[in-house]
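Q: Structure below; questions to follow.
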Amino acid sequence: MATRIASGLVLCLALTSSPQYTDWSAPTALEGLVNTTGQEGAPFLTKDGLTLYYAGPGPDGSSDLLVSHRATIESPWGAPLVIPTVNSAANETNPQLSPDEHWLYFTTNMPGGLGSQDIWVSHRHDRRDDLGWEAPVNLGSNVNSPSNDIAPTLFEDPATGVVTMYFASDRAGSADIYSTTMRSDRTFTPAVPVPELNSSFNDQGPAVRRDGLEMFLASNRPGTIGQTDLMVSTRASTADPWSTPVFLGPVLNTPFADQAPALSFDGSTLFYISTGKLPGGTGPCSGPSGPCVSDIYFATRGKVKTANH
């Protein structure tokens, strides 16, 4: 009985200490040299908030993985650098670092994959060297399929240390969210769909808050105000199923494509891409309200202190 009471107390403390947030601010384009007249997409922010990985136009015209730095959180982003070794004449996108920031997961259709687009991984010894990535390796058939397998995001459970990778795949028809867990040798278990997150429409681009209790994704399911809208799902603990995703609404979503969400380490800043005509965008537009060539935008929210039980 004492053990059950202690376990219940730990769960209560975990739930009540989960951060609560204010509403999202209106989005604005990243300041600095990241956005161009070309197509930018799929942002990922490092834990310290000073390095941004994303997809952008490469020297050969294909989509490449780029990296930009800023001196402080308040500083504008510097000129992007093309990451050697990882990029190819194919399209590379959806960069995502492992929790220890020594491994770079991404999507590409380069030769050697199992399908149209696969998830690959590259390693670096020095986590401060953003250009020191080794030749990438395909994650294999437990993750990839003959279909499109894209947009990986990794979550390390703070309680168990288990690393789960969520990603999107259209192997069953429309794009769905799948999950797989990392083994001790860094291989992955066979991927399975996450049914509570999926619909008969396209659900993609998962991004998980570091405590594992909030996930953002993009979908074109009924209820969108555009082509693809941002959604959010939550859960009470990492052992619980995810809630049915809900749309984030017109503050962030536009009548066009809003997708590829990424969350800062502290959960207070949401990065994503949009083809809507949002403040500060540099991509050319086909009309006064869009659609525009995609740029990277961000919105912020504050933490709300709540009383513990």
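Chain identifiers are assigned as A, B, and so on, following the order in which chains appear in the structure tokens; residues are numbered from 1 within each chain, and ligands are numbered from 1 in order of appearance.
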Considering only C-alpha atoms, return as a PyMOL selection string whatever protein or nucleic-acid residues lie within 8 Å of Phe201 in chain A, sequence-local ones (same chain, fewer than 3 positions apart) excluded.

A: chain A and resi 174-175+198+219-221

Q: Would you write out those residues with C-alpha atoms, as an mmCIF file, in the first residue's frame?

A:
```cif
data_model
loop_
_atom_site.group_PDB
_atom_site.id
_atom_site.type_symbol
_atom_site.label_atom_id
_atom_site.label_comp_id
_atom_site.auth_asym_id
_atom_site.auth_seq_id
_atom_site.Cartn_x
_atom_site.Cartn_y
_atom_site.Cartn_z
ATOM 1 C CA SER A 174 -2.252 8.678 -46.832
ATOM 2 C CA ALA A 175 0.572 9.941 -44.627
ATOM 3 C CA ASN A 198 -3.752 9.606 -37.472
ATOM 4 C CA SER A 219 -2.525 17.828 -41.338
ATOM 5 C CA ASN A 220 -4.996 18.475 -44.150
ATOM 6 C CA ARG A 221 -7.845 16.654 -42.363
#
```

Q: Extract, using only C-alpha atoms, all DNA, RNA and protein residues at most 10 Å from Leu131 in chain A, discarding same-chain residues fewer than 4 positions from it, and format them as a ChimeraX atom specification.

A: /A:66-67,81-86,124,126-127

Q: For the selection just defined, write its residues with N, CA and C atoms to a file, as a short mmCIF file (atom, residue, chain, number, x, y, z; two decimals), in the first residue's frame.

A:
```
data_model
loop_
_atom_site.label_atom_id
_atom_site.label_comp_id
_atom_site.auth_asym_id
_atom_site.auth_seq_id
_atom_site.Cartn_x
_atom_site.Cartn_y
_atom_site.Cartn_z
N LEU A 66 21.09 23.02 -44.41
CA LEU A 66 21.89 24.20 -44.12
C LEU A 66 21.92 24.42 -42.61
N VAL A 67 22.90 25.20 -42.16
CA VAL A 67 23.00 25.52 -40.74
C VAL A 67 23.34 26.99 -40.59
N LEU A 81 25.37 28.03 -43.82
CA LEU A 81 26.44 27.22 -44.37
C LEU A 81 25.86 25.91 -44.88
N VAL A 82 26.35 25.47 -46.03
CA VAL A 82 25.94 24.17 -46.57
C VAL A 82 26.75 23.09 -45.85
N ILE A 83 26.08 22.04 -45.39
CA ILE A 83 26.75 20.98 -44.65
C ILE A 83 27.38 20.00 -45.62
N PRO A 84 28.71 19.86 -45.62
CA PRO A 84 29.34 18.91 -46.55
C PRO A 84 29.04 17.47 -46.15
N THR A 85 29.28 16.55 -47.05
CA THR A 85 29.14 15.10 -46.85
C THR A 85 27.68 14.66 -46.82
N VAL A 86 26.84 15.36 -46.08
CA VAL A 86 25.44 14.95 -45.94
C VAL A 86 24.64 15.24 -47.21
N ARG A 124 28.65 12.77 -35.81
CA ARG A 124 29.81 13.65 -35.64
C ARG A 124 30.42 13.38 -34.27
N ASP A 126 32.44 15.72 -32.60
CA ASP A 126 32.44 16.98 -31.86
C ASP A 126 31.08 17.65 -32.02
N ARG A 127 30.29 17.72 -30.96
CA ARG A 127 28.96 18.28 -31.06
C ARG A 127 28.97 19.79 -31.32
#
```

Q: Considering only C-alpha atoms, return as a ChimeraX atom specification whatever protein or nucleic-acid residues lie within 10 Å of range 253-257 of chain A, sequence-local ones (same chain, fewer than 4 positions apart) excluded.

A: /A:26-27,218-220,224-231,247-249,273-278,289-292,294

Q: Would you save the residues from that selection as a PDB file, in the first residue's frame, using N, CA and C atoms?

A:
```
ATOM      1  N   ALA A  26       1.315  36.121 -32.491  1.00  0.00           N
ATOM      2  CA  ALA A  26       1.251  36.135 -33.950  1.00  0.00           C
ATOM      3  C   ALA A  26       2.631  35.803 -34.508  1.00  0.00           C
ATOM      4  N   PRO A  27       2.718  35.029 -35.580  1.00  0.00           N
ATOM      5  CA  PRO A  27       4.026  34.636 -36.121  1.00  0.00           C
ATOM      6  C   PRO A  27       4.694  35.758 -36.883  1.00  0.00           C
ATOM      7  N   ALA A 218       1.299  18.517 -38.567  1.00  0.00           N
ATOM      8  CA  ALA A 218       0.563  19.215 -39.618  1.00  0.00           C
ATOM      9  C   ALA A 218      -0.368  18.227 -40.297  1.00  0.00           C
ATOM     10  N   SER A 219      -1.540  18.711 -40.726  1.00  0.00           N
ATOM     11  CA  SER A 219      -2.525  17.828 -41.338  1.00  0.00           C
ATOM     12  C   SER A 219      -3.419  18.611 -42.286  1.00  0.00           C
ATOM     13  N   ASN A 220      -3.982  17.890 -43.261  1.00  0.00           N
ATOM     14  CA  ASN A 220      -4.996  18.475 -44.150  1.00  0.00           C
ATOM     15  C   ASN A 220      -6.368  17.852 -43.894  1.00  0.00           C
ATOM     16  N   THR A 224      -9.368  22.171 -41.480  1.00  0.00           N
ATOM     17  CA  THR A 224      -8.304  23.095 -41.857  1.00  0.00           C
ATOM     18  C   THR A 224      -8.899  24.375 -42.427  1.00  0.00           C
ATOM     19  N   ILE A 225      -8.138  25.452 -42.281  1.00  0.00           N
ATOM     20  CA  ILE A 225      -8.514  26.686 -42.951  1.00  0.00           C
ATOM     21  C   ILE A 225      -7.651  26.906 -44.186  1.00  0.00           C
ATOM     22  N   GLY A 226      -6.731  25.969 -44.445  1.00  0.00           N
ATOM     23  CA  GLY A 226      -5.842  26.082 -45.597  1.00  0.00           C
ATOM     24  C   GLY A 226      -5.523  24.725 -46.170  1.00  0.00           C
ATOM     25  N   GLN A 227      -4.426  24.644 -46.904  1.00  0.00           N
ATOM     26  CA  GLN A 227      -4.020  23.388 -47.511  1.00  0.00           C
ATOM     27  C   GLN A 227      -3.528  22.397 -46.453  1.00  0.00           C
ATOM     28  N   THR A 228      -2.721  22.886 -45.541  1.00  0.00           N
ATOM     29  CA  THR A 228      -2.200  22.089 -44.426  1.00  0.00           C
ATOM     30  C   THR A 228      -2.115  23.004 -43.215  1.00  0.00           C
ATOM     31  N   ASP A 229      -2.611  22.545 -42.076  1.00  0.00           N
ATOM     32  CA  ASP A 229      -2.624  23.372 -40.869  1.00  0.00           C
ATOM     33  C   ASP A 229      -1.859  22.700 -39.736  1.00  0.00           C
ATOM     34  N   LEU A 230      -1.398  23.517 -38.805  1.00  0.00           N
ATOM     35  CA  LEU A 230      -0.724  23.019 -37.613  1.00  0.00           C
ATOM     36  C   LEU A 230      -1.746  22.548 -36.588  1.00  0.00           C
ATOM     37  N   MET A 231      -1.411  21.441 -35.913  1.00  0.00           N
ATOM     38  CA  MET A 231      -2.262  20.863 -34.884  1.00  0.00           C
ATOM     39  C   MET A 231      -1.410  20.559 -33.649  1.00  0.00           C
ATOM     40  N   PHE A 247      -6.667  21.719 -34.019  1.00  0.00           N
ATOM     41  CA  PHE A 247      -6.011  22.764 -34.805  1.00  0.00           C
ATOM     42  C   PHE A 247      -5.603  23.951 -33.924  1.00  0.00           C
ATOM     43  N   LEU A 248      -4.487  24.563 -34.278  1.00  0.00           N
ATOM     44  CA  LEU A 248      -3.994  25.707 -33.510  1.00  0.00           C
ATOM     45  C   LEU A 248      -4.724  27.001 -33.834  1.00  0.00           C
ATOM     46  N   GLY A 249      -5.509  27.024 -34.895  1.00  0.00           N
ATOM     47  CA  GLY A 249      -6.339  28.190 -35.161  1.00  0.00           C
ATOM     48  C   GLY A 249      -5.711  29.215 -36.070  1.00  0.00           C
ATOM     49  N   ILE A 273       7.109  26.373 -41.113  1.00  0.00           N
ATOM     50  CA  ILE A 273       7.168  27.020 -42.420  1.00  0.00           C
ATOM     51  C   ILE A 273       5.747  27.299 -42.912  1.00  0.00           C
ATOM     52  N   SER A 274       5.635  28.327 -43.710  1.00  0.00           N
ATOM     53  CA  SER A 274       4.327  28.718 -44.236  1.00  0.00           C
ATOM     54  C   SER A 274       4.470  29.287 -45.633  1.00  0.00           C
ATOM     55  N   THR A 275       3.464  29.031 -46.468  1.00  0.00           N
ATOM     56  CA  THR A 275       3.378  29.687 -47.768  1.00  0.00           C
ATOM     57  C   THR A 275       2.339  30.808 -47.742  1.00  0.00           C
ATOM     58  N   GLY A 276       1.822  31.100 -46.549  1.00  0.00           N
ATOM     59  CA  GLY A 276       0.948  32.251 -46.389  1.00  0.00           C
ATOM     60  C   GLY A 276       1.759  33.536 -46.388  1.00  0.00           C
ATOM     61  N   LYS A 277       1.109  34.628 -46.642  1.00  0.00           N
ATOM     62  CA  LYS A 277       1.808  35.916 -46.676  1.00  0.00           C
ATOM     63  C   LYS A 277       1.845  36.467 -45.250  1.00  0.00           C
ATOM     64  N   LEU A 278       2.844  36.038 -44.488  1.00  0.00           N
ATOM     65  CA  LEU A 278       2.984  36.423 -43.085  1.00  0.00           C
ATOM     66  C   LEU A 278       4.028  37.523 -42.938  1.00  0.00           C
ATOM     67  N   SER A 289      -2.336  37.934 -51.182  1.00  0.00           N
ATOM     68  CA  SER A 289      -2.438  37.199 -49.922  1.00  0.00           C
ATOM     69  C   SER A 289      -1.734  35.846 -49.988  1.00  0.00           C
ATOM     70  N   GLY A 290      -1.069  35.550 -51.124  1.00  0.00           N
ATOM     71  CA  GLY A 290      -0.380  34.291 -51.295  1.00  0.00           C
ATOM     72  C   GLY A 290      -1.025  33.463 -52.397  1.00  0.00           C
ATOM     73  N   PRO A 291      -0.576  32.223 -52.581  1.00  0.00           N
ATOM     74  CA  PRO A 291       0.505  31.596 -51.827  1.00  0.00           C
ATOM     75  C   PRO A 291       1.870  32.179 -52.169  1.00  0.00           C
ATOM     76  N   CYS A 292       2.788  32.013 -51.216  1.00  0.00           N
ATOM     77  CA  CYS A 292       4.148  32.514 -51.367  1.00  0.00           C
ATOM     78  C   CYS A 292       5.126  31.345 -51.325  1.00  0.00           C
ATOM     79  N   SER A 294       7.801  29.276 -49.589  1.00  0.00           N
ATOM     80  CA  SER A 294       7.828  29.060 -48.144  1.00  0.00           C
ATOM     81  C   SER A 294       9.018  29.716 -47.457  1.00  0.00           C
TER      82      SER A 294
END
```

Q: Within 8 Å of range 186-197 of chain A, counting only C-alpha atoms, which residues show up once you throw out same-chain ones fewer than 5 positions away? Write them as a ChimeraX atom specification, please.

A: /A:139,141-143,176-181,203,233,241-245

Q: Grab the residues selected above and save them as a compact mmCIF listing (two decimals), in the first residue's frame with C-alpha atoms.

A:
```txt
# COMPACT_ATOMS: atom_id res chain seq x y z
CA LEU A 139 18.15 3.48 -41.20
CA SER A 141 13.76 -1.62 -43.24
CA ASN A 142 12.58 -1.40 -39.61
CA VAL A 143 12.05 2.32 -40.23
CA ASP A 176 0.38 8.80 -40.99
CA ILE A 177 2.50 9.24 -37.87
CA TYR A 178 4.60 6.21 -36.88
CA SER A 179 6.83 5.50 -33.89
CA THR A 180 9.85 3.30 -33.24
CA THR A 181 12.17 2.98 -30.23
CA ASP A 203 -0.77 13.70 -41.03
CA SER A 233 -1.89 16.80 -29.20
CA PRO A 241 -1.92 7.67 -25.37
CA TRP A 242 -1.93 10.98 -27.19
CA SER A 243 -5.13 13.02 -27.30
CA THR A 244 -6.94 13.62 -30.57
CA PRO A 245 -5.06 16.49 -32.26
```

Q: Between A:Lys303, A:Asn91, A:Val34, A:Asp129, which residue has the minimum interatomic distance to Thr108 in chain A, considering only C-alpha atoms?

A: A:Asn91

Q: Would you mind listing what lies within 12 Å of Leu263 in chain A as JSON, numbers by chain, with only C-alpha atoms counted and same-chain residues fewer than 2 positions away left out?

A: {"A": [42, 43, 44, 45, 46, 47, 49, 52, 96, 153, 154, 155, 205, 206, 207, 208, 209, 210, 211, 212, 214, 215, 216, 217, 232, 260, 261, 265, 266, 267, 268, 269, 270, 271, 272, 297, 298, 299, 300, 301]}

Q: Distance CA of Asn87 in chain A-CA of Asp64 in chain A, one decimal place?

A: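 Between these atoms lies a distance of 5.7 Å.
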
Q: Considering only C-alpha atoms, state which residue in the set A:Asn94, A:Thr36, A:Ser25, A:Thr72 is at the smallest distance from Ile296 in chain A.

A: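 So, comparing all the options, the nearest one is A:Thr36.
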
Q: Which residue out of A:Ala151, A:Ala79, A:Val163, A:Ala89 has the minimum interatomic distance to Ser63 in chain A when only C-alpha atoms are used?

A: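 That would be A:Ala89, the residue with the smallest distance to Ser63 in chain A.
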
Q: Please, which residues of range 16-186 of chain A, numbered as in this document, come out strand (DSSP E) from DSSP, as a ChimeraX atom specification?

A: /A:20-21,28-29,41-45,51-57,63-69,81-82,92-97,103-108,118-123,137-138,149-156,163-169,176-181

Q: Do a neighbour search on Glu74 in chain A at 12 Å with only C-alpha atoms, toss out local chain neighbours closer than 6 positions, and write the hits as a list in words.

A: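 Here the qualifying residues turn out to be Leu30, Glu31, Gly32, Gly49 and Leu50 of chain A.
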
Q: Please measure the separation of CA of Thr234 in chain A and CA of Pro279 in chain A, giving the value in Å to one decimal.

A: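 For CA of Thr234 in chain A relative to CA of Pro279 in chain A, the distance reads 28.8 Å.
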